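J.: One structure, as structure tokens, below. Some questions next.
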Amino acid sequence: MNSNDLPEFEPAAFWQEPDFILTELVSLMANRMNVELGITLMVGGAIITGSLIGEREYLRQVARLFRDLSRDMLDRPSAEDLAEIDQAFAFEEMAEDAYPDETAAAPEQPPLLPPLRFLHLRDPVMVSPGATMSFRDSALPILRIRLSRIEGWMPGRVTTLTSDEYSLYDDDDDNSTRYRPNGFIQ
């Protein structure tokens with residue numbers, strides 16, 4: 001391979017791209033396999049931990065929230081009103097990732113798609129030196145985060161400890177308590 005075979009490289013744009021490993025993890029495990037996976041992110045100096053979920057699940061939950069709110073605002077909705085609400089909030093079809101059609105034959109060349117832009121965290125918790133904020137009880141406890149804004153990440157949810165609990169955290173353990181029995185990271 002010579003230098004003429006290499007793609008154009010724009011150094012300034014390179015550093016704006018999201019982490020390719022995280023992007024693949026989101027696309028394969030969360031979006032296509034529907035695996036809910038614990039993850040901790042560093043975003044704008046904040047630490048956010050939660051469960052990574054697929055974009056279709058996020059879109060389903062957003063659509064459900066807005067459908068329910070719209071239906072509740074109507075006094076006596078007709079069947080036509082309900083159908084219009086369902087059509088207006090059909091967000092499930094707005095997914096940006098590629099989902100192979102399981103009934104179709106595999107294409108010779110995968111389609112060229114735009115890169116993923118977002119990941120979704122269920123029950124996010126913002127960890128800070130003072131108060132820790134949980135969004136579990138919000139109307140939609142799923143946080144949508146732009147992948148290009150993530151500065152660092154690690155698999156697994158972090159556990160917040162009080163000063164009294166620091167001595168309980170033993171650095172010499174074999175990490176066996178940090179993994180679920182079925183092998184998925186918490």
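Going by the structure tokens order, chains are called A, B, ..., each with residues numbered from 1, while ligands are numbered from 1 in the order shown.
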For the contact check between stretch 117-161 of chain A and stretch 12-36 of chain A, emit one row per residue of stretch 117-161 of chain A within 8 Å, containing the shortest atom pair and the distance in Å rounded to one decimal, counting only C-alpha atoms, chain then rising number order, as CSV.

T.:
```
residue,atom,partner,partner_atom,distance
A:Leu119,CA,A:Val26,CA,6.6
A:Leu147,CA,A:Pro18,CA,5.4
A:Ser148,CA,A:Pro18,CA,4.3
A:Arg149,CA,A:Pro18,CA,7.4
A:Ile150,CA,A:Pro18,CA,7.2
```

J.: Leaving out A:Asp137 and any residue of its chain fewer than 2 positions from it, which residues lie within 12 Å of it when counting only C-alpha atoms, given as a PDB file with C-alpha atoms, in the first residue's frame?

T.:
```pdb
ATOM      1  CA  ARG A 122     -31.443   4.420  31.079  1.00  0.00           C
ATOM      2  CA  ASP A 123     -31.596   5.568  34.727  1.00  0.00           C
ATOM      3  CA  PRO A 124     -28.634   7.939  34.432  1.00  0.00           C
ATOM      4  CA  VAL A 125     -26.865   9.129  37.550  1.00  0.00           C
ATOM      5  CA  MET A 133     -28.294  13.320  40.925  1.00  0.00           C
ATOM      6  CA  SER A 134     -30.462  10.453  39.735  1.00  0.00           C
ATOM      7  CA  PHE A 135     -33.075  10.794  37.014  1.00  0.00           C
ATOM      8  CA  ALA A 139     -41.043  11.169  33.138  1.00  0.00           C
ATOM      9  CA  LEU A 140     -38.486   9.718  30.709  1.00  0.00           C
ATOM     10  CA  PRO A 141     -35.511   8.321  32.640  1.00  0.00           C
ATOM     11  CA  ILE A 142     -33.376   7.962  29.504  1.00  0.00           C
TER      12      ILE A 142
END
```

J.: When DSSP works through the backbone of this structure, what residues of stretch 19-136 of chain A end up as strand (DSSP E or B), shown as a VMD selection string?

T.: chain A and resid 37 to 43 46 to 53 118 to 127 133 to 134

J.: Using DSSP on the backbone coordinates, identify the residues of stretch 24-149 of chain A assigned to alpha helix (DSSP H); present them as JSON, numbers by chain.

T.: {"A": [24, 25, 55, 56, 57, 58, 59, 60, 61, 62, 63, 64, 65, 66, 67, 68, 69, 70, 71, 72, 73, 79, 80, 81, 82, 83, 84, 85, 86, 87, 88]}

J.: Please indicate the distance in Å from atom CA of A:Phe118 to atom CA of A:Ile145, rounded to one decimal place.

T.: 5.4 Å

J.: Give me, please, the distance in Å between atom CA of A:Leu121 and atom CA of A:Phe66, quoted to one decimal.

T.: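 So the answer is 18.9 Å.
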
J.: At what distance in Å, to one decimal, does atom CA of A:Met94 lie from atom CA of A:Gly54?

T.: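 Spanning atom CA of A:Gly54 to atom CA of A:Met94 is a straight-line distance of 12.7 Å.
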
J.: Select, from A:Leu74, A:Ile48, A:Ala79, A:Ile85, the residue with the minimum atom-to-atom distance to A:Thr132, counting only C-alpha atoms.

T.: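 The shortest atom-to-atom distance to A:Thr132 comes from A:Ile48.
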
J.: Give the answer as one residue: which of A:Asp86, A:Asp75, A:Glu151, A:Glu92 has the shortest atom-to-atom distance to A:Val62, using only C-alpha atoms?

T.: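 Using only C-alpha atoms, the shortest distance to A:Val62 belongs to A:Glu92.
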
J.: Residues near A:Ile47, anyone? I mean within 9 Å using only C-alpha atoms, not counting same-chain ones fewer than 4 positions away, as a tab-separated table (two decimals) with N, CA and C atoms, in the first residue's frame.

T.:
```
chain	number	residue	atom	x	y	z
A	40	THR	N	-20.13	3.88	32.17
A	40	THR	CA	-19.83	5.15	32.82
A	40	THR	C	-19.14	6.04	31.82
A	41	LEU	N	-19.61	7.28	31.71
A	41	LEU	CA	-19.11	8.23	30.71
A	41	LEU	C	-18.55	9.47	31.39
A	42	MET	N	-17.56	10.06	30.75
A	42	MET	CA	-17.05	11.37	31.15
A	42	MET	C	-17.49	12.34	30.05
A	43	VAL	N	-18.34	13.29	30.41
A	43	VAL	CA	-18.90	14.23	29.44
A	43	VAL	C	-18.78	15.64	30.00
A	125	VAL	N	-27.23	8.52	36.27
A	125	VAL	CA	-26.86	9.13	37.55
A	125	VAL	C	-25.64	10.00	37.28
A	126	MET	N	-25.73	11.27	37.66
A	126	MET	CA	-24.59	12.18	37.55
A	126	MET	C	-23.86	12.15	38.88
A	127	VAL	N	-22.62	11.73	38.83
A	127	VAL	CA	-21.81	11.59	40.03
A	127	VAL	C	-20.98	12.85	40.20
A	128	SER	N	-21.01	13.43	41.39
A	128	SER	CA	-20.23	14.63	41.66
A	128	SER	C	-19.73	14.58	43.10
```

J.: Between A:Thr160, A:Ser51, A:Ser138, A:Ser78, which residue has the minimum interatomic distance to A:Gly38, considering only C-alpha atoms?

T.: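 Smallest distance to A:Gly38 is found for A:Ser51.
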
J.: Pick from A:Arg157, A:Arg146, A:Arg60, A:Arg117: nearest to A:Ala90, with only C-alpha atoms counted?

T.: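 For A:Ala90, the nearest of the candidates is A:Arg60.
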